[in-house]
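K.L.:
Here it is: the structure, laid out below.
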Amino acid sequence: MTDIVVVESPAKAKTINKYLGDSYKVLASFGHVRDLPPRDGSVRPDEDFAMDWQADERGARQLGEIAKALKGAKTLYLATDPDREGEAISWHVQAALLERNALKGVHVKRVTFNEITKSAVKAAMAHPRDLDTPLIEAYLARRALDYLVGFTLSPVLWRKLPGSRSAGRVQSVALRLICEREAEIEVFKPREYWTVEAALLSSTGAPYPARLTHYQGKKLDQFDLADATAAAAAKAAVEAGQFSVASVEKKRVRRSPPPPFITSTLQQEASRKLGFSSQHTMRLAQQLYEGVEIGGETVGLITYMRTDGVQLAQEAVSAMRKQIAAEFGEAYLPVAPRVYQSKAKNAQEAHEAIRPTDTGLKPEAVARRLSPDQARLYELIYKRALACQMAPAELDQTVVELTDGKGQTLRATGSVLAFDGFLRLYREDQDDPAEQDEDSRILPPLAKGDPAHTREVTATQHFTQPPPRYSEASLVKKMEELGIGRPSTYASILSVLRERNYVRLENRRFVPEDRGRLVTAFLVSFFARYVDTGFTANLEEELDRIAEGSADWREVLRAFWEDFSAAIAQTKDLKISDVIDALDADLGPHFFPPREDGSDPRACPACGTGRLGLKLGRYGSFIGCSNYPACQYTRKLAVETGEEGDDTLKDGVRVLGTHPETGEEITLRRGPYGLYVQQGEPDPGDKKAKPRRASLARGMDGASLTLEEALGLLSLPRLVGLHPETGQKIEANIGRFGPYVKLGSLYASLDRDDDVLHLGLNRAMELIARKQDSVKILGPHPKDGAEISVRKGRFGPYVQWGKTVANLPKGTEMESVSLEEAVALLAEKGKTLAPRGRKGAKAAPAPKPAAAPKAAKPAAKAKPAKAKPAGKKKAPARKPPAPPVKKTAAR
C-alpha cells in the first residue's frame with residue numbers, strides 16, 4: 001500500500017520521491033490550489049467574514065490527481081513549505097479533498113523540513129504533526145484583509161481619481177515611503193560649508209593628512225566655516241602655525257561578523273553586491289533550495305529561504321567550525337560557537353537562517369552545475385554563513401591631535417587591520433558609500449611632542465546633500481524597521497508598484513511616477529490612517545498574535561472593518577472638486593516649481609490671464625487652464641512618461657539614429673496603442689508597402705531607448721536556438737499580449753524579468769517546458785496534415801485544428817484525449833458550424849474557451865431600397881467604445 005506525499009513543486013516532488021522510495025508516491029500541488037475569486041463578495045463581513053474559495057483549472061486538475069492517487073492509500077502527508085503560506089496550502093489541499101470525499105479512511109499528517117536533503121526529509125517523515133490552526137487563521141486574516149482593502153479601496157480610487165490602478169494594504173504604505181522621500185528631496189535646500197585640511201610630514205618624513213577641528217580656540221561645527229572668506233582665514237591661520245603632536249591615543253577594536261542571512265537581509269545584500277532585484281533573488285533562492293543534481297542525486301543547496309530566524313542548527317554550526325579550522329586554521333575559530341537569537345515574535349517565522357545544507361559543497365565546486373546568477377547567489381549565502389562562525393576582526397585605531405599653541409588644532413585618524421578574522425572571507429556592504437569606514441588610512445609612527453612639517457593646506461567647499469532615494473535594499477530595510485509587511489512579501493510588493501507604473505527604477509533607485517504621487521496624495525488626504533506606517537505595523541503585530549494563538553482572527557477583522565467601512569462610506573459624497581483641491585494643494589509645488597525669474601509658475605502660457613491647475617479627466621489627470629472653455633490649454637503630466645506622453649516626443653517622433661545596413665532613419669513614435677519604433681518612412685508611390693515597425697517590450701522606457709535596442713526590436717522575431725531533441729527552431733518575439741518564445745505552434749509568454757532581446761536557449765527551454773503542461777500536440781489532421789492540439793482554456797480544455805476549436809466533454813482530462821477522439825469532436829463541431837453560411841439560419845453560439853472566429857456571411861449584392869415591414873425598426877449604429885482604463889485590484 002502506497003502512502004501519498006504532497007509538496008509544492010514538481011522538481012521537489014521528484015527529488016523527495018527518490019529519497020523516500022517506492023512505498024511513497026510524491027505529488028505536486030503547484031503552489032496554491034485555491035484562492036478567493038477576484039470578484040465582489042468573496043469575503044463577506046456581514047456573514048462573520050465567510051470566504052468563498054475557488055480552484056483554478058490547474059488547481060482542480062492537481063486536486064483530481066491527488067484524489068485519484070489516494071484511492072487505497074492509508075496516509076496523506078502534507079509536506080508543503082514550512083511557513084505560513086505552506087501551512088495554508090496544506091489546509092487548502094485537505095479542505096478541498098474533504099469536499100470531494102477523498103479522505104475516507106485516510107490519516108492526514110503534516111510534515112515540514114527546512115532543507116531538501118535525504119536526512120532532513122527522512123527525519124521530518126519520522127516526526128509528523130497536525131496542521132497548525134493558529135497559523136492557518138493568521139493566513140485567513142491576512143488574506144481577508146488584503147482582499148477587503150484591495151476590492152473596497154481600489155474602486156474608490158477608480159471613481160474619484162481616474163487613471164489610477166489600485167491600492168493595497170501594504171503596497172500603498174510602501175508607495176507612500178517612496179513618495180515622501182521624493183518630496184523631501186524636492187524641498188531640500190543645499191547648504192554651503194567648508195573644511196580645511198593640511199598635508200603634513202612626520203619627523204621621519206612620512207606624509208599623513210590632518211583636518212582642522214579647532215579654530216581660534218573654538219571647536220568647529222559643520223557650518224562654522226560657512227563661506228570662502230571664513231575658510232580662507234582659517235587656512236591662513238594653519239599655514240602660519242608651527243604644529244606639534246599634543247596627544248596620541250591608540251585602542252584595539254574588535255569587529256564581529258554579521259549574522260547569517262534571513263529573507264530581508266539576503267534581498268538587501270544581493271541588491272548591493274550583485275545588483276539583483278528582490279524578485280530575482282527570491283527566484284534564484286527557490287531554485288537553490290529545490291536543488292541540483294550532484295553525483296546522480298538531486299540535492300538542495302540551501303535551507304528554506306523565507307525566514308526571519310537567525311539561529312542555526314547545532315549540527316550545521318559544528319560542520320561550519322570544522323570547515324573553518326580546516327580551511328583557515330585554529331586562529332580563525334572562536335573559542336565557543338556564536339549563537340544568534342531571532343527577533344521574530346511568532347513561531348511561524350522561527351526557522352533556521354539561510355545557510356548551505358552542506359559546507360563541503362564549496363561555491364567553486366558547484367558553480368559549473370549552476371547558472372552564473374545562481375552561482376553568485378550561492379557564493380554569497382555560503383560565505384555569509386561561514387563568516388558568521390569565524391573569529392572577529394581586530395583593528396588598531398589611532399587618533400592624533402596636533403596644536404600650534406595659538407588656538408588651532410588638527411586631528412589625524414587612522415587604523416591598521418591587526419587581524420582580519422572573518423573579513424578574510426566576507427565583508428558586508430552598506431547602502432550609502434558614506435557609511436563605509438572612514439578610518440581606513442594608515443598613519444606613520446607618531447609620538448607626543450613630535451614636530452609636524454606643513455607641506456600644503458587646502459580649503460574645500462562642500463554642500464549638504466539631500467536624503468538619497470530608496471534602493472530596493474534600503475526600502476526593504478526601512479519596511480523591516482517599521483514592521484510593515486513581511487520579508488516573504490517584500491519582493492512581490494515592490495514588483496506590483498512597478499507593474500502599476502507607480503514607480504520606476506533609475507540607477508537602481510526608486511523614483512515615483514506622477515501617477516503614484518497622485519494616488520499617495522489622495523490616500524493621505526482621505527484615508528490617512530490606512531497608509532500610516534504605525535497603523536500598518538500594529539496590524540502586522542495583531543496578525544502575529546493570531547499566529548501565536550493569542551488573538552481571535554475574526555475579532556481582529558471586525559475591529560478593522562468597522563472603522564474601514566465607515567471611512568469608505570464617507571467618500572460617497574466626496575466631490576471631484578474636493579479631490580482636485582486636495583491633490584493640487586499637496587502636489588502644487590511638484591507640478592509648478594518656482595521659476596528662476598520669479599514669475600508665476602501657474603500662469604497660463606496660452607491666454608496669459610488664466611492660472612494652471614490640476615484637472616481630472618475621464619482617462620486620468622492633466623494640467624489645465626482656469627479660463628476653460630474660453631482657453632483650452634492642457635498639458636499632460638509626467639505620469640505618462642514612457643507611455644502616452646514623453647516630453648521628448650512632443651511632435652510624436654524622436655530620431656534614434658540610422659540603420660547600419662540600409663541607412664534608413666530609425667525613429668521612436670507614439671501611436672494610439674503606445675510607443676513603437678519604425679525603420680524608414682512609407683513609400684508614397686506604393687501605398688501597400690509599409691515601413692517595418694515594432695512595439696516596445698514590457699519595461700522599456702521610451703525616454704532612455706537606444707538605437708541598439710530599437711534595432712533589436714526591429715529584427716524580431718529572432719532565432720534563440722534549436723531544440724536539442726527535435727532540432728526545431730525556437731524563436732523570441734513580441735506579440736499582442738507581450739513577449740514570448742515559440743516552438744512550432746507552441747507559444748510561451750516571457751516572465752517579467754526576462755529580456756526578449758537577450759533571452760538564452762536554456763531559459764527558453766524552461767519556459768517552453770512549463771507551457772507544455774498546458775498544451776499537448778496530438779498529431780496531424782487526416783484531411784490536410786495540419787496540427788491538432790489539446791489545450792487548457794479559461795472554461796475548460798478544448799481541442800484545436802487551425803481556427804476550429806471544440807470543447808472536451810465535461811469531466812474529460814486533456815491528458816486522456818486521443819487523436820481519433822479529437823478528430824471526431826472537430827468533425828461534430830464542423831456540423832454545428834455549417835448552417836451558419838445559409839441565409840436565414842441562426843449562428844451557433846461561439847464556444848467559451850477559445851473564442852473561435854464566426855464564419856463570415858457571403859457578401860450581399862446591392863439591391864434597391866424596399867419599404868420596411870411594419871413593426872420592424874433598424875437598430876441604431878453603435879459607436880466604437882472608448883479604450884477601457886485598465887483596472888486591477890491589488891491584494
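FYI, nothing fancy with the C-alpha cells labels: chains A, B, ... in order, residues from 1 per chain, ligands from 1 as they appear.
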Write out as a ChimeraX atom specification all residues of region 128-259 of chain A that backbone DSSP assigns to alpha helix (DSSP H).
P.N.:
/A:133-160,171-187,228-240
K.L.:
With 10 Å as the cut-off and only C-alpha atoms counted, what is the closest atom pair between each nearby residue of region 124-182 of chain A and region 30-40 of chain A? Distances in Å to one decimal, ordered by chain and number, as a tab-separated table.
P.N.:
residue	atom	partner	partner_atom	distance
A:Arg143	CA	A:Leu36	CA	8.6
A:Ala144	CA	A:Leu36	CA	8.9
A:Tyr147	CA	A:Leu36	CA	8.2
A:Leu148	CA	A:Asp40	CA	9.3
A:Phe151	CA	A:Asp40	CA	7.0
A:Thr152	CA	A:Asp40	CA	8.7
K.L.:
Considering only C-alpha atoms, return as a PyMOL selection string whatever protein or nucleic-acid residues lie within 12 Å of Leu557 (chain A), sequence-local ones (same chain, fewer than 3 positions apart) excluded.
P.N.:
chain A and resi 43-46+48-50+137-138+140-149+539+542-543+546+551-554+560-565
K.L.:
Print the selection's residues with N, CA, C and O atoms to a file, as a tab-separated table (two decimals), in the first residue's frame.
P.N.:
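Dumped to selection_6.tsv:
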chain	number	residue	atom	x	y	z
A	43	VAL	N	-15.24	37.70	0.19
A	43	VAL	CA	-15.16	37.79	1.64
A	43	VAL	C	-16.37	38.60	2.10
A	43	VAL	O	-16.58	39.72	1.64
A	44	ARG	N	-17.18	38.03	3.00
A	44	ARG	CA	-18.44	38.67	3.37
A	44	ARG	C	-18.42	39.04	4.86
A	44	ARG	O	-18.70	38.18	5.73
A	45	PRO	N	-18.11	40.30	5.17
A	45	PRO	CA	-18.08	40.74	6.57
A	45	PRO	C	-19.42	40.55	7.28
A	45	PRO	O	-19.44	40.27	8.49
A	46	ASP	N	-20.54	40.69	6.54
A	46	ASP	CA	-21.87	40.55	7.16
A	46	ASP	C	-22.16	39.12	7.61
A	46	ASP	O	-23.08	38.89	8.38
A	48	ASP	N	-19.90	37.22	9.17
A	48	ASP	CA	-18.77	36.93	10.05
A	48	ASP	C	-17.54	36.51	9.26
A	48	ASP	O	-16.81	35.58	9.61
A	49	PHE	N	-17.33	37.22	8.15
A	49	PHE	CA	-16.15	37.05	7.30
A	49	PHE	C	-16.06	35.65	6.69
A	49	PHE	O	-14.98	35.04	6.61
A	50	ALA	N	-17.22	35.17	6.24
A	50	ALA	CA	-17.22	33.92	5.47
A	50	ALA	C	-16.49	34.16	4.16
A	50	ALA	O	-16.54	35.25	3.59
A	137	GLU	N	-5.23	30.38	10.70
A	137	GLU	CA	-6.10	31.52	10.97
A	137	GLU	C	-5.40	32.84	10.69
A	137	GLU	O	-6.04	33.80	10.22
A	138	ALA	N	-4.09	32.90	10.95
A	138	ALA	CA	-3.33	34.11	10.62
A	138	ALA	C	-3.32	34.33	9.10
A	138	ALA	O	-3.43	35.46	8.62
A	140	LEU	N	-5.69	33.26	7.02
A	140	LEU	CA	-7.05	33.66	6.64
A	140	LEU	C	-7.27	35.15	6.93
A	140	LEU	O	-7.86	35.86	6.10
A	141	ALA	N	-6.80	35.61	8.07
A	141	ALA	CA	-6.97	37.01	8.43
A	141	ALA	C	-6.20	37.90	7.46
A	141	ALA	O	-6.72	38.93	6.97
A	142	ARG	N	-4.97	37.54	7.16
A	142	ARG	CA	-4.15	38.34	6.23
A	142	ARG	C	-4.77	38.36	4.84
A	142	ARG	O	-4.83	39.41	4.19
A	143	ARG	N	-5.23	37.21	4.39
A	143	ARG	CA	-5.82	37.14	3.04
A	143	ARG	C	-7.10	37.96	2.98
A	143	ARG	O	-7.36	38.65	1.98
A	144	ALA	N	-7.93	37.88	4.05
A	144	ALA	CA	-9.17	38.65	4.07
A	144	ALA	C	-8.89	40.15	4.12
A	144	ALA	O	-9.54	40.94	3.41
A	145	LEU	N	-7.91	40.56	4.90
A	145	LEU	CA	-7.56	41.98	4.98
A	145	LEU	C	-7.09	42.51	3.63
A	145	LEU	O	-7.53	43.57	3.18
A	146	ASP	N	-6.20	41.76	2.98
A	146	ASP	CA	-5.70	42.20	1.68
A	146	ASP	C	-6.83	42.29	0.66
A	146	ASP	O	-6.88	43.22	-0.15
A	147	TYR	N	-7.73	41.32	0.70
A	147	TYR	CA	-8.86	41.33	-0.22
A	147	TYR	C	-9.77	42.53	0.05
A	147	TYR	O	-10.17	43.26	-0.87
A	148	LEU	N	-10.13	42.73	1.31
A	148	LEU	CA	-11.08	43.80	1.66
A	148	LEU	C	-10.52	45.18	1.32
A	148	LEU	O	-11.24	46.05	0.84
A	149	VAL	N	-9.24	45.39	1.56
A	149	VAL	CA	-8.63	46.68	1.22
A	149	VAL	C	-8.58	46.85	-0.29
A	149	VAL	O	-9.00	47.87	-0.84
A	539	LEU	N	-1.13	46.48	12.86
A	539	LEU	CA	-1.94	45.42	12.27
A	539	LEU	C	-1.11	44.16	12.04
A	539	LEU	O	-1.58	43.03	12.24
A	542	GLU	N	-0.89	42.39	15.25
A	542	GLU	CA	-2.12	41.65	15.52
A	542	GLU	C	-2.12	40.31	14.78
A	542	GLU	O	-2.53	39.28	15.31
A	543	LEU	N	-1.64	40.34	13.54
A	543	LEU	CA	-1.57	39.10	12.75
A	543	LEU	C	-0.58	38.12	13.38
A	543	LEU	O	-0.79	36.90	13.38
A	546	ILE	N	-2.28	36.45	16.25
A	546	ILE	CA	-3.17	35.38	15.79
A	546	ILE	C	-2.35	34.12	15.55
A	546	ILE	O	-2.75	33.01	15.94
A	551	ALA	N	-4.76	35.73	19.83
A	551	ALA	CA	-5.79	36.66	19.37
A	551	ALA	C	-6.75	35.92	18.46
A	551	ALA	O	-6.36	34.98	17.75
A	552	ASP	N	-8.02	36.34	18.49
A	552	ASP	CA	-9.04	35.73	17.64
A	552	ASP	C	-9.07	36.44	16.29
A	552	ASP	O	-9.21	37.66	16.22
A	553	TRP	N	-8.92	35.68	15.21
A	553	TRP	CA	-8.77	36.30	13.90
A	553	TRP	C	-10.02	37.06	13.45
A	553	TRP	O	-9.92	38.12	12.82
A	554	ARG	N	-11.18	36.57	13.82
A	554	ARG	CA	-12.41	37.28	13.43
A	554	ARG	C	-12.57	38.58	14.23
A	554	ARG	O	-13.07	39.58	13.69
A	560	PHE	N	-11.09	45.98	12.50
A	560	PHE	CA	-10.59	46.69	11.31
A	560	PHE	C	-11.75	47.13	10.43
A	560	PHE	O	-11.81	48.29	10.00
A	561	TRP	N	-12.67	46.23	10.13
A	561	TRP	CA	-13.73	46.50	9.16
A	561	TRP	C	-14.69	47.58	9.64
A	561	TRP	O	-15.19	48.37	8.82
A	562	GLU	N	-14.93	47.65	10.92
A	562	GLU	CA	-15.87	48.65	11.45
A	562	GLU	C	-15.41	50.06	11.08
A	562	GLU	O	-16.20	50.88	10.60
A	563	ASP	N	-14.14	50.35	11.31
A	563	ASP	CA	-13.62	51.69	11.00
A	563	ASP	C	-13.37	51.87	9.51
A	563	ASP	O	-13.64	52.95	8.95
A	564	PHE	N	-12.87	50.84	8.86
A	564	PHE	CA	-12.53	50.97	7.43
A	564	PHE	C	-13.78	51.17	6.58
A	564	PHE	O	-13.81	52.02	5.68
A	565	SER	N	-14.83	50.41	6.84
A	565	SER	CA	-16.05	50.54	6.05
A	565	SER	C	-16.69	51.92	6.27
A	565	SER	O	-17.27	52.50	5.35
K.L.:
Write out as a PyMOL selection string the residues lying within 8 Å of region 219-223 of chain A, counting only C-alpha atoms and excluding same-chain residues fewer than 5 positions away.
P.N.:
chain A and resi 192-194+213-214
K.L.:
Considering only C-alpha atoms, return as a list of chain:residue names whatever protein or nucleic-acid residues lie within 9 Å of Phe737 (chain A), sequence-local ones (same chain, fewer than 3 positions apart) excluded.
P.N.:
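Result of the neighbour search: A:Ile734, A:Tyr740, A:Ser749.
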K.L.:
Could you write out that same residue set with C-alpha atoms as a PDB file, in the first residue's frame?
P.N.:
ATOM      1  CA  ILE A 734       6.719  40.342 -29.143  1.00  0.00           C
ATOM      2  CA  TYR A 740       7.024  35.232 -25.967  1.00  0.00           C
ATOM      3  CA  SER A 749       4.955  34.065 -22.543  1.00  0.00           C
TER       4      SER A 749
END
K.L.:
Identify, with DSSP run on backbone atoms, the residues in region 156-389 of chain A assigned to strand (DSSP E or B), and express the list as an MDAnalysis selection string.
P.N.:
chainID A and resid 192:201 207:215 218:219 243:255 261 292:294 297:299 302 354 356
K.L.:
Residues within 7 Å of region 290-302 of chain A, please, as a VMD selection string. Count only C-alpha atoms; anything in the same chain fewer than 5 positions from it doesn't count.
P.N.:
chain A and resid 11 to 12 15 115 to 117 354 to 357
